[in-house]
Amino acid sequence: MPAIEIRNVKKRYKDLQALKGVSLTVEEGEFFGLLGPNGAGKTTLISILAGLARADEGSVAVRGHDVVGDFRNARRSLGVVPQELVFDPFFTVRETLRIQSGYFGLRNNDAWIDEVMANLDLTDKADANMRALSGGMKRRVLVAQALVHRPPVIVLDEPTAGVDVELRQTLWKFIARLNREGHTIVLTTHYLEEAESLCDRIAMLRRGEVVALDRTSTLLQRFAGLQLYVRFALGMLPAELRALEVDPSTAPGGKQHLLRLSSYDDVERILAQCRAAGCTFDEIEVRKADLEDVFVQVMNGPEVIEGLA
């Protein structure tokens with residue numbers, strides 16, 4: 001039984017078709033990445049998954065529980081960390097987590113609350129009022145709230161946006177532990193190095209559609225390889241090399257270019273063509289591509305990447 005099953009989900013907001021028939025499955029115990037630019041439909045999809053919005057068409061299930069027809073069990077199975085800092089200013093951290101436990105009918109949950117707070121470095125803030133906390137501490141409390149009922153499926157919507165390095169490291173250490181213990185994790189993030197290092201599989205959304213879906217390693221193998229970065233002191237990239245650019249939207253007259261290489265043997269040929277066109281160089285570097293390069297290629301590629309969605 002999949003942890004999450006999404007079938008042909010469509011959602012429209014007035015003139016905006018936010019989701020255009022999204023289908024994907026997240027298996028039990030996976031660490032799954034959901035990536036895309038702003039406005040791609042990620043938060044809309046998570047809102048439907050969490051029961052905060054309703055799909056116009058299609059179905060969503062969490063561990064076999066339909067989010068509409070069996071919403072109680074679906075929500076018990078799910079913990080969501082939202083993007084926005086939403087909190088009640090009248091309670092302490094511990095009171096906030098106890099109240100959240102009560103929403104799920106959990107009594108005598110203090111042992112787990114203490115463990116969650118300890119793992120998120122919140123113990124010394126347990127009796128502090130929520131409004132007195134810094135933004136980073138409030139973000140930690142949001143994570144604790146999502147985990148307080150020990151959900152088997154955890155959704156993290158931009159959990160490290162605008163937070164310090166310490167919180168990022170603390171959070172990922174705890175989340176990685178939960179994943180090892182069998183929890184399913186779904187992550188959306190603009191920090192693509194996080195997704196590359198953490199996620200087993202990745203789906204990429206663009207304008208409400210899944211345009212790539214595969215294992216992280218497969219995406220990197222298919223799209224990555226070697227790249228040549230050049231920055232010109234004088235001259236322009238020859239027209240015959242434009243087809244090699246990773247980001248074809250780069251201005252033709254620009255001084256910085258990133259070109260795909262099939263092997264190291266291509267380097268001298270490309271440099272020779274640039275010199276023949278009158279170019280001189282400020283910087284030359286051969287790089288191995290990463291998930292950010294894959295993301296740029298997919299977002300600027302065809303409508304759907306064949307075989308990956």
# chains A, B, ... in the order shown; residues from 1 in each chain; ligands from 1

$ closest_atom_pairs --of "segment 126-241 of chain A" --to "segment 3-10 of chain A" --cutoff "10 Å" --atoms "only C-alpha atoms" --output "JSON lines"
{"residue": "A:Pro152", "atom": "CA", "partner": "A:Ala3", "partner_atom": "CA", "distance": 8.3}
{"residue": "A:Val153", "atom": "CA", "partner": "A:Ala3", "partner_atom": "CA", "distance": 6.9}
{"residue": "A:His183", "atom": "CA", "partner": "A:Ala3", "partner_atom": "CA", "distance": 9.4}
{"residue": "A:Thr184", "atom": "CA", "partner": "A:Ala3", "partner_atom": "CA", "distance": 7.0}
{"residue": "A:Ile185", "atom": "CA", "partner": "A:Ala3", "partner_atom": "CA", "distance": 9.5}
{"residue": "A:Val186", "atom": "CA", "partner": "A:Ile4", "partner_atom": "CA", "distance": 9.6}
{"residue": "A:Gly208", "atom": "CA", "partner": "A:Lys10", "partner_atom": "CA", "distance": 8.5}
{"residue": "A:Glu209", "atom": "CA", "partner": "A:Lys10", "partner_atom": "CA", "distance": 9.6}

$ write_last_selection --atoms "C-alpha atoms" --output "CSV table (one decimal), in the first residue's frame"
chain,number,residue,atom,x,y,z
A,152,PRO,CA,3.7,7.8,9.5
A,153,VAL,CA,3.8,10.3,6.6
A,183,HIS,CA,8.4,7.3,8.4
A,184,THR,CA,7.7,8.5,4.8
A,185,ILE,CA,9.0,12.0,4.1
A,186,VAL,CA,7.8,14.4,1.4
A,208,GLY,CA,0.6,22.4,-12.7
A,209,GLU,CA,2.0,19.4,-14.4

$ select_by_dssp --residues "segment 36-206 of chain A" --states "strand (DSSP E)" --output "short mmCIF file (atom, residue, chain, number, x, y, z; two decimals) with C-alpha atoms, in the first residue's frame"
data_model
loop_
_atom_site.label_atom_id
_atom_site.label_comp_id
_atom_site.auth_asym_id
_atom_site.auth_seq_id
_atom_site.Cartn_x
_atom_site.Cartn_y
_atom_site.Cartn_z
CA GLU A 57 -11.20 16.19 -10.18
CA GLY A 58 -9.16 13.15 -9.21
CA SER A 59 -8.40 11.48 -5.89
CA VAL A 60 -5.78 11.57 -3.15
CA ALA A 61 -5.20 8.88 -0.51
CA VAL A 62 -2.83 8.69 2.46
CA HIS A 65 -7.39 6.53 3.29
CA ASP A 66 -9.12 8.89 0.87
CA LEU A 78 -0.25 12.84 8.04
CA GLY A 79 1.86 15.59 9.60
CA VAL A 80 2.38 18.81 7.60
CA VAL A 81 4.90 21.57 8.22
CA VAL A 153 3.75 10.35 6.65
CA ILE A 154 5.43 13.74 7.10
CA VAL A 155 5.19 16.59 4.56
CA LEU A 156 7.70 19.42 4.82
CA ASP A 157 6.75 22.48 2.73
CA THR A 184 7.68 8.53 4.83
CA ILE A 185 8.98 12.04 4.12
CA VAL A 186 7.81 14.40 1.36
CA LEU A 187 9.92 17.53 0.94
CA THR A 188 9.47 20.70 -1.08
CA ARG A 201 13.06 10.05 -5.78
CA ILE A 202 12.04 13.44 -7.13
CA ALA A 203 9.03 14.80 -9.00
CA MET A 204 9.34 18.15 -10.76
CA LEU A 205 6.25 20.27 -11.35
CA ARG A 206 5.88 23.07 -13.85
#

$ atom_distance --atom1 "atom CA of Met236 of chain A" --atom2 "atom CA of Val267 of chain A"
17.1 Å

$ atom_distance --atom1 "atom CA of Arg168 of chain A" --atom2 "atom CA of Arg207 of chain A"
28.5 Å

$ closest_residue --among "A:Val148, A:Ala50, A:Leu122, A:Ala289" --to "Asn108 of chain A" --atoms "only C-alpha atoms"
A:Val148

$ residues_around --residues "Val246 of chain A" --least-positions-apart "6" --cutoff "12 Å" --atoms "only C-alpha atoms" --output "ChimeraX atom specification"
/A:223-229,256-261,289-290,292-301

$ select_by_dssp --residues "segment 66-291 of chain A" --states "alpha helix (DSSP H)" --output "number ranges by chain"
A: 71-76, 93-103, 110-119, 135-147, 165-180, 192-198, 216-223, 266-276, 291

$ closest_residue --among "A:Cys274, A:Ala74, A:Leu291, A:Leu234" --to "Arg222 of chain A" --atoms "only C-alpha atoms"
A:Leu291

$ residues_around --residues "Glu181 of chain A" --least-positions-apart "6" --cutoff "12 Å" --atoms "only C-alpha atoms" --output "ChimeraX atom specification"
/A:28-31,150-153,174-175

$ closest_residue --among "A:Tyr103, A:Trp112, A:Tyr191, A:Phe91" --to "Asp127 of chain A" --atoms "only C-alpha atoms"
A:Phe91

$ residues_around --residues "Leu237 of chain A" --least-positions-apart "4" --cutoff "12 Å" --atoms "only C-alpha atoms" --output "VMD selection string"
chain A and resid 229 to 233 241 to 245 250 to 259 270 to 281

$ residues_around --residues "Ala161 of chain A" --least-positions-apart "5" --cutoff "9 Å" --atoms "only C-alpha atoms" --output "VMD selection string"
chain A and resid 83 189 to 191

$ closest_residue --among "A:Glu27, A:Asp15, A:Asp114, A:Glu84" --to "Arg98 of chain A" --atoms "only C-alpha atoms"
A:Asp114

$ residues_around --residues "Ile48 of chain A" --least-positions-apart "6" --cutoff "8 Å" --atoms "only C-alpha atoms" --output "mmCIF file with N, CA and C atoms, in the first residue's frame"
data_model
loop_
_atom_site.group_PDB
_atom_site.id
_atom_site.type_symbol
_atom_site.label_atom_id
_atom_site.label_comp_id
_atom_site.auth_asym_id
_atom_site.auth_seq_id
_atom_site.Cartn_x
_atom_site.Cartn_y
_atom_site.Cartn_z
ATOM 1 N N ARG A 54 -9.937 21.266 -1.744
ATOM 2 C CA ARG A 54 -10.536 20.082 -2.360
ATOM 3 C C ARG A 54 -10.293 20.104 -3.862
ATOM 4 N N ALA A 55 -9.861 18.967 -4.394
ATOM 5 C CA ALA A 55 -9.601 18.862 -5.826
ATOM 6 C C ALA A 55 -10.896 18.966 -6.614
ATOM 7 N N VAL A 60 -7.019 11.599 -3.929
ATOM 8 C CA VAL A 60 -5.783 11.566 -3.150
ATOM 9 C C VAL A 60 -6.023 10.671 -1.944
ATOM 10 N N VAL A 67 -8.630 11.258 1.227
ATOM 11 C CA VAL A 67 -8.583 12.483 2.034
ATOM 12 C C VAL A 67 -9.940 13.156 2.155
#
